[in-house]
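Engineer: Sending over model10.cif (mmCIF, C-alpha atoms).
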data_input
#
loop_
_atom_site.label_atom_id
_atom_site.label_comp_id
_atom_site.auth_asym_id
_atom_site.auth_seq_id
_atom_site.Cartn_x
_atom_site.Cartn_y
_atom_site.Cartn_z
CA MET A 30 3.62 -15.79 0.92
CA GLU A 31 7.36 -15.29 0.98
CA ILE A 32 8.23 -12.69 -1.65
CA LYS A 33 11.06 -14.18 -3.68
CA GLN A 34 10.80 -12.00 -6.77
CA ALA A 35 9.98 -8.32 -6.84
CA GLU A 36 10.22 -6.05 -9.86
CA PHE A 37 9.36 -2.43 -10.47
CA ILE A 38 7.10 -2.19 -13.51
CA THR A 39 6.14 1.44 -14.08
CA SER A 40 4.94 4.74 -12.64
CA MET A 41 1.78 6.42 -13.84
CA ALA A 42 0.42 9.94 -13.46
CA SER A 43 -3.02 8.44 -14.12
CA TYR A 44 -4.17 4.85 -13.99
CA GLY A 45 -4.11 2.98 -17.29
CA GLN A 46 -2.64 0.05 -19.12
CA PHE A 47 0.76 -1.39 -18.20
CA ALA A 48 2.73 -4.52 -18.96
CA GLY A 49 1.13 -7.56 -17.35
CA ARG A 50 -2.03 -5.82 -16.22
CA GLY A 51 -4.75 -8.34 -15.45
CA LEU A 52 -3.24 -10.04 -12.43
CA PRO A 53 -4.74 -9.45 -8.97
CA GLN A 54 -3.75 -6.18 -7.33
CA ILE A 55 -3.15 -5.18 -3.72
CA ALA A 56 -2.84 -1.44 -3.10
CA VAL A 57 -0.93 0.36 -0.36
CA ALA A 58 -2.46 3.64 0.84
CA GLY A 59 -1.59 6.06 3.62
CA LYS A 60 -0.59 9.56 4.47
CA SER A 61 2.79 10.97 3.53
CA ASN A 62 5.65 9.71 5.66
CA VAL A 63 3.65 6.84 7.18
CA GLY A 64 6.16 4.31 5.88
CA LYS A 65 4.67 2.90 2.67
CA SER A 66 7.98 2.56 0.84
CA SER A 67 9.68 1.07 3.90
CA LEU A 68 6.90 -1.51 4.23
CA ILE A 69 7.23 -2.52 0.59
CA ASN A 70 10.99 -2.86 0.87
CA LYS A 71 10.78 -4.94 4.07
CA LEU A 72 8.05 -7.16 2.71
CA CYS A 73 10.11 -7.86 -0.41
CA ASN A 74 13.52 -8.05 1.32
CA ARG A 75 14.77 -5.34 -1.02
CA ASN A 76 16.35 -2.21 0.41
CA LYS A 77 15.75 0.04 -2.58
CA LEU A 78 12.83 -1.47 -4.49
CA ALA A 79 10.56 1.39 -3.43
CA ARG A 80 12.39 4.65 -2.98
CA THR A 81 12.05 6.31 0.39
CA SER A 82 12.38 10.03 0.86
CA ALA A 83 13.03 12.34 3.78
CA THR A 84 10.64 14.80 2.16
CA PRO A 85 7.00 13.91 2.88
CA GLY A 86 4.60 14.27 -0.01
CA LYS A 87 7.13 13.49 -2.73
CA THR A 88 5.40 10.36 -4.03
CA ARG A 89 3.12 11.83 -6.69
CA LEU A 90 2.71 8.89 -9.03
CA ILE A 91 1.08 5.48 -8.89
CA ASN A 92 3.96 2.99 -8.67
CA VAL A 93 3.43 -0.58 -9.84
CA PHE A 94 5.44 -3.59 -8.64
CA LEU A 95 5.18 -7.22 -9.72
CA LEU A 96 5.66 -9.66 -6.84
CA ASN A 97 6.45 -13.34 -7.41
CA ARG A 98 5.10 -12.72 -10.92
CA VAL A 99 1.60 -13.53 -9.67
CA PHE A 100 0.20 -10.22 -8.40
CA HIS A 101 0.79 -6.48 -8.60
CA LEU A 102 1.45 -4.31 -5.57
CA ILE A 103 0.22 -0.76 -6.20
CA ASP A 104 1.92 2.02 -4.25
CA LEU A 105 -0.52 4.92 -4.18
CA PRO A 106 0.51 8.57 -3.68
CA GLY A 107 0.75 9.64 -0.05
CA TYR A 108 -1.93 12.05 1.09
CA GLY A 109 -2.32 14.70 3.76
CA PHE A 110 0.94 16.62 3.46
CA ALA A 111 0.22 20.19 4.59
CA LYS A 112 2.81 21.95 2.43
CA VAL A 113 1.23 20.79 -0.82
CA ASP A 114 -1.10 23.35 -2.36
CA LYS A 115 -4.82 22.72 -2.79
CA GLN A 116 -4.56 22.21 -6.54
CA GLU A 117 -1.95 19.49 -6.09
CA LYS A 118 -3.99 17.83 -3.34
CA ALA A 119 -7.01 17.82 -5.63
CA ARG A 120 -4.94 16.24 -8.42
CA TRP A 121 -3.73 13.51 -6.09
CA GLY A 122 -7.26 12.90 -4.86
CA LYS A 123 -8.57 12.50 -8.40
CA MET A 124 -5.67 10.21 -9.28
CA MET A 125 -6.55 7.87 -6.42
CA GLN A 126 -10.30 8.02 -7.01
CA ASP A 127 -9.79 7.18 -10.68
CA TYR A 128 -7.61 4.25 -9.64
CA PHE A 129 -10.16 2.83 -7.23
CA GLU A 130 -12.98 3.23 -9.75
CA GLN A 131 -11.07 1.75 -12.69
CA ALA A 132 -8.90 -1.01 -11.19
CA GLU A 133 -11.10 -4.05 -11.69
CA GLU A 134 -8.16 -6.22 -10.63
CA LEU A 135 -7.99 -4.66 -7.16
CA ARG A 136 -8.55 -7.25 -4.44
CA HIS A 137 -7.52 -5.48 -1.23
CA VAL A 138 -6.06 -2.28 0.21
CA PHE A 139 -3.47 -2.02 2.97
CA CYS A 140 -4.37 1.17 4.86
CA LEU A 141 -1.32 2.41 6.73
CA VAL A 142 -1.55 4.56 9.84
CA ASP A 143 1.14 5.57 12.34
CA ILE A 144 0.57 3.59 15.55
CA ARG A 145 1.78 6.55 17.61
CA HIS A 146 -0.96 8.92 16.48
CA GLU A 147 -4.72 8.99 16.09
CA PRO A 148 -5.93 8.72 12.48
CA THR A 149 -6.20 12.02 10.64
CA GLU A 150 -9.27 13.27 8.81
CA ASP A 151 -7.63 12.09 5.59
CA ASP A 152 -7.25 8.59 7.08
CA LYS A 153 -10.91 8.62 8.10
CA ASN A 154 -11.98 9.81 4.65
CA MET A 155 -9.99 7.03 2.98
CA ASN A 156 -11.59 4.51 5.33
CA LEU A 157 -15.07 5.83 4.57
CA PHE A 158 -14.41 5.88 0.83
CA LEU A 159 -13.27 2.23 0.80
CA ARG A 160 -16.32 1.19 2.80
CA GLN A 161 -18.64 3.04 0.44
CA MET A 162 -16.93 1.45 -2.57
CA GLY A 163 -17.12 -2.01 -0.98
CA ILE A 164 -13.36 -2.51 -1.26
CA PRO A 165 -11.84 -4.89 1.32
CA PHE A 166 -9.03 -3.39 3.38
CA THR A 167 -6.77 -4.06 6.34
CA VAL A 168 -5.45 -1.39 8.70
CA ILE A 169 -1.70 -1.67 9.26
CA ALA A 170 -0.29 0.28 12.20
CA THR A 171 3.26 1.17 11.21
CA LYS A 172 6.31 2.13 13.27
CA ALA A 173 5.43 -0.34 16.03
CA ASP A 174 9.09 -0.48 17.05
CA LYS A 175 8.80 3.12 18.26
CA ILE A 176 6.69 2.08 21.26
CA SER A 177 6.86 -0.82 23.71
CA ARG A 178 4.92 -4.02 23.13
CA GLY A 179 2.89 -3.32 26.24
CA ALA A 180 1.78 0.06 24.93
CA ARG A 181 0.60 -1.18 21.54
CA GLN A 182 -2.90 -2.22 22.57
CA LYS A 183 -3.47 1.14 24.25
CA GLN A 184 -2.28 2.95 21.11
CA LEU A 185 -4.55 0.82 18.93
CA ALA A 186 -7.71 1.79 20.82
CA PRO A 187 -8.20 5.27 19.27
CA ILE A 188 -7.21 3.92 15.84
CA CYS A 189 -9.86 1.23 16.04
CA ARG A 190 -12.52 3.69 17.22
CA ALA A 191 -11.75 6.13 14.43
CA LEU A 192 -11.61 3.54 11.65
CA LEU A 193 -14.35 1.22 12.96
CA VAL A 194 -12.19 -1.90 13.16
CA GLN A 195 -11.39 -4.39 15.92
CA PRO A 196 -7.90 -4.62 17.48
CA TRP A 197 -7.41 -8.17 16.22
CA GLU A 198 -8.07 -6.97 12.67
CA VAL A 199 -5.14 -4.53 12.78
CA ILE A 200 -1.60 -5.62 11.94
CA CYS A 201 1.12 -3.95 14.00
CA TRP A 202 4.07 -3.42 11.69
CA SER A 203 7.70 -2.40 11.92
CA SER A 204 9.99 -2.07 8.92
CA GLU A 205 12.90 -1.95 11.36
CA ASP A 206 12.53 -5.23 13.26
CA GLY A 207 10.10 -7.14 11.04
CA THR A 208 7.12 -7.04 13.41
CA GLY A 209 3.99 -8.11 11.51
CA ARG A 210 5.81 -9.50 8.48
CA GLU A 211 4.52 -13.05 8.87
CA GLN A 212 0.98 -11.78 9.44
CA LEU A 213 1.17 -9.70 6.28
CA GLN A 214 2.52 -12.63 4.27
CA LYS A 215 -0.36 -14.82 5.45
CA LEU A 216 -2.85 -12.07 4.65
CA ILE A 217 -1.52 -11.88 1.10
CA ASP A 218 -1.95 -15.65 0.78
CA ASP A 219 -5.55 -15.36 1.97
CA ILE A 220 -6.29 -12.47 -0.40
CA LEU A 221 -4.92 -14.28 -3.44
CA ALA A 222 -6.62 -17.53 -2.45
CA GLY A 223 -9.90 -15.71 -2.85
CA ASP A 224 -9.32 -15.52 -6.61
CA GLU A 225 -10.74 -18.36 -8.65
CA GLY A 226 -8.10 -20.78 -9.79
CA GLU A 227 -4.35 -20.44 -9.49
CA GLN A 228 -2.64 -17.47 -11.05
CA GLU A 229 -0.16 -18.23 -13.81
CA PRO A 230 3.15 -16.42 -13.34
CA LEU A 231 4.02 -13.80 -15.93
CA PRO A 232 7.06 -14.31 -18.20
CA ASP A 233 10.38 -12.80 -17.22
CA MET A 234 10.12 -9.03 -17.03
CA ALA A 235 13.26 -8.69 -19.14
CA SER A 236 10.84 -8.85 -22.05
CA LEU A 237 9.12 -5.63 -21.01
CA GLU A 238 9.00 -2.88 -23.55
CA GLU A 239 11.87 -0.44 -23.38
CA GLY A 240 11.12 3.10 -22.37
CA ALA A 241 8.78 2.35 -19.47
CA PRO A 242 8.32 5.45 -17.33
CA MET A 243 10.74 5.86 -14.46
CA ARG A 244 9.22 5.81 -10.99
CA GLU A 245 9.07 8.88 -8.83
CA ALA A 246 9.66 8.37 -5.13
#
Mind turning the file's structure into structure tokens?
Structural biologist:
Amino acid sequence: MEIKQAEFITSMASYGQFAGRGLPQIAVAGKSNVGKSSLINKLCNRNKLARTSATPGKTRLINVFLLNRVFHLIDLPGYGFAKVDKQEKARWGKMMQDYFEQAEELRHVFCLVDIRHEPTEDDKNMNLFLRQMGIPFTVIATKADKISRGARQKQLAPICRALLVQPWEVICWSSEDGTGREQLQKLIDDILAGDEGEQEPLPDMASLEEGAPMREA
């Protein structure tokens, strides 16, 4: 699916109602500074749709985007940033758990990991949680442009072992050169095709209520 329309809808400190809720959802999860915002921007061909930050751990809200007016992309708070205190980590963890337990519209999760490093314990815990919840997911190995094409399969081996996936199930991704973009577009098509019937586009978002919360990067 080529993303031709992308709109920021709202940010939420806890999951709840928002304008247009009811469409299928695809969530993006990963540790802080793994490249979630960059992936969203590249996928949507929008440089500043999702705000990137040089400070890891700054995304503390659930950000909601409407893509092509047929599904919502949910940008979940980044996890695993060491400088955040335990209380804040616990709050983020509850925020995400509440989302996964309450989002009946959720169809799939993109689990982002850095291709250059082995998955962290937080990555493994997220993987285990999704499996236990029965939520479909795809591992996306970001920052593929940072290593040579020949080295990618070698780098994927420990990722696959840690997250119990096969190499052909992982999408190598680069927000710099577009590696993996077509694969991700096709995956989105396949995910949405799994929903019964065709999704009706929402009306123009100009009709959204004024005063929607501002997003936090």
Engineer: Could you check how far atom CA of Phe129 of chain A sits from atom CA of Leu105 of chain A, in Å to one decimal?
Structural biologist: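 Those two atoms sit 10.3 Å apart.
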Engineer: What does the distance from atom CA of Pro187 of chain A to atom CA of Glu150 of chain A come to in Å, to one decimal?
Structural biologist: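 Taking atom CA of Pro187 of chain A as the start and atom CA of Glu150 of chain A as the end point, the length is 13.2 Å.
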Engineer: So, with all atoms listed in the file as the atoms that count, which of A:Ile169, A:Lys77, A:Arg181, A:Leu52 lies closest to Glu134 of chain A?
Structural biologist: A:Leu52
Engineer: Could you work out how far atom CA of Arg145 of chain A lies from atom CA of Glu205 of chain A, giving the answer in Å with one decimal?
Structural biologist: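 According to the coordinates, atom CA of Glu205 of chain A and atom CA of Arg145 of chain A are separated by 15.3 Å.
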Engineer: To verify the selection step, state as a list in words which residues the PyMOL selection byres ((chain A and resi 174) around 12) yields on this input.
Structural biologist: Asp143, Ile144, Arg145, Ala170, Thr171, Lys172, Ala173, Lys175, Ile176, Ser177, Arg178, Gly179, Ala180, Arg181, Cys201, Trp202, Ser203, Ser204, Glu205, Asp206, Gly207, Thr208 and Gly209 of chain A
Engineer: Could you spell out the hits of the PyMOL selection byres ((chain A and resi 155-162) around 9) on the shown file, as a ChimeraX atom specification?
Structural biologist: /A:58-59,129-130,138,140,150-154,163-166,192-193
Engineer: Decode the PyMOL selection byres ((chain A and resi 37) around 8) for the given file into explicit residues and return them as number ranges by chain.
Structural biologist: A: 35-36, 38-39, 78, 92-95
Engineer: I need the residues from that last selection saved to file as an mmCIF file, in the frame of the given file (with C-alpha atoms), if you can.
Structural biologist:
data_model
loop_
_atom_site.group_PDB
_atom_site.id
_atom_site.type_symbol
_atom_site.label_atom_id
_atom_site.label_comp_id
_atom_site.auth_asym_id
_atom_site.auth_seq_id
_atom_site.Cartn_x
_atom_site.Cartn_y
_atom_site.Cartn_z
ATOM 1 C CA ALA A 35 9.980 -8.320 -6.840
ATOM 2 C CA GLU A 36 10.220 -6.050 -9.860
ATOM 3 C CA ILE A 38 7.100 -2.190 -13.510
ATOM 4 C CA THR A 39 6.140 1.440 -14.080
ATOM 5 C CA LEU A 78 12.830 -1.470 -4.490
ATOM 6 C CA ASN A 92 3.960 2.990 -8.670
ATOM 7 C CA VAL A 93 3.430 -0.580 -9.840
ATOM 8 C CA PHE A 94 5.440 -3.590 -8.640
ATOM 9 C CA LEU A 95 5.180 -7.220 -9.720
#
Engineer: Measuring between only C-alpha atoms, which one of A:Arg136, A:Tyr128, A:Ile91, A:Gln116 shows the shortest distance to Asp218 of chain A?
Structural biologist: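 When distances to Asp218 of chain A are compared using only C-alpha atoms, the smallest one comes from A:Arg136.
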Engineer: Find the residue from A:Arg210, A:Glu147, A:Met41, A:Ile217 that sits nearest to Arg190 of chain A; use all atoms listed in the file when measuring.
Structural biologist: A:Glu147
Engineer: How big is the axis-aligned box, and where does its centre sit, when it encloses all atoms of segment 90-93 of chain A listed in the file and has 6 Å added on every side, reported in Å to one decimal as AutoDock Vina command-line options?
Structural biologist:
--center_x 2.5 --center_y 4.2 --center_z -9.3 --size_x 14.9 --size_y 21.5 --size_z 13.2
Engineer: Give the answer as one residue: which of A:Arg98, A:Arg75, A:Arg50, A:Lys60 has the shortest atom-to-atom distance to Gly122 of chain A, using all atoms listed in the file?
Structural biologist: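 Between A:Arg98, A:Arg75, A:Arg50, A:Lys60, the residue approaching Gly122 of chain A most closely is A:Lys60.
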Engineer: Determine the nearest neighbour of Leu135 of chain A from the options A:Ala191, A:Ile55, A:Val168, A:Leu72, counting all atoms listed in the file.
Structural biologist: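 The answer is A:Ile55, which sits nearest to Leu135 of chain A.
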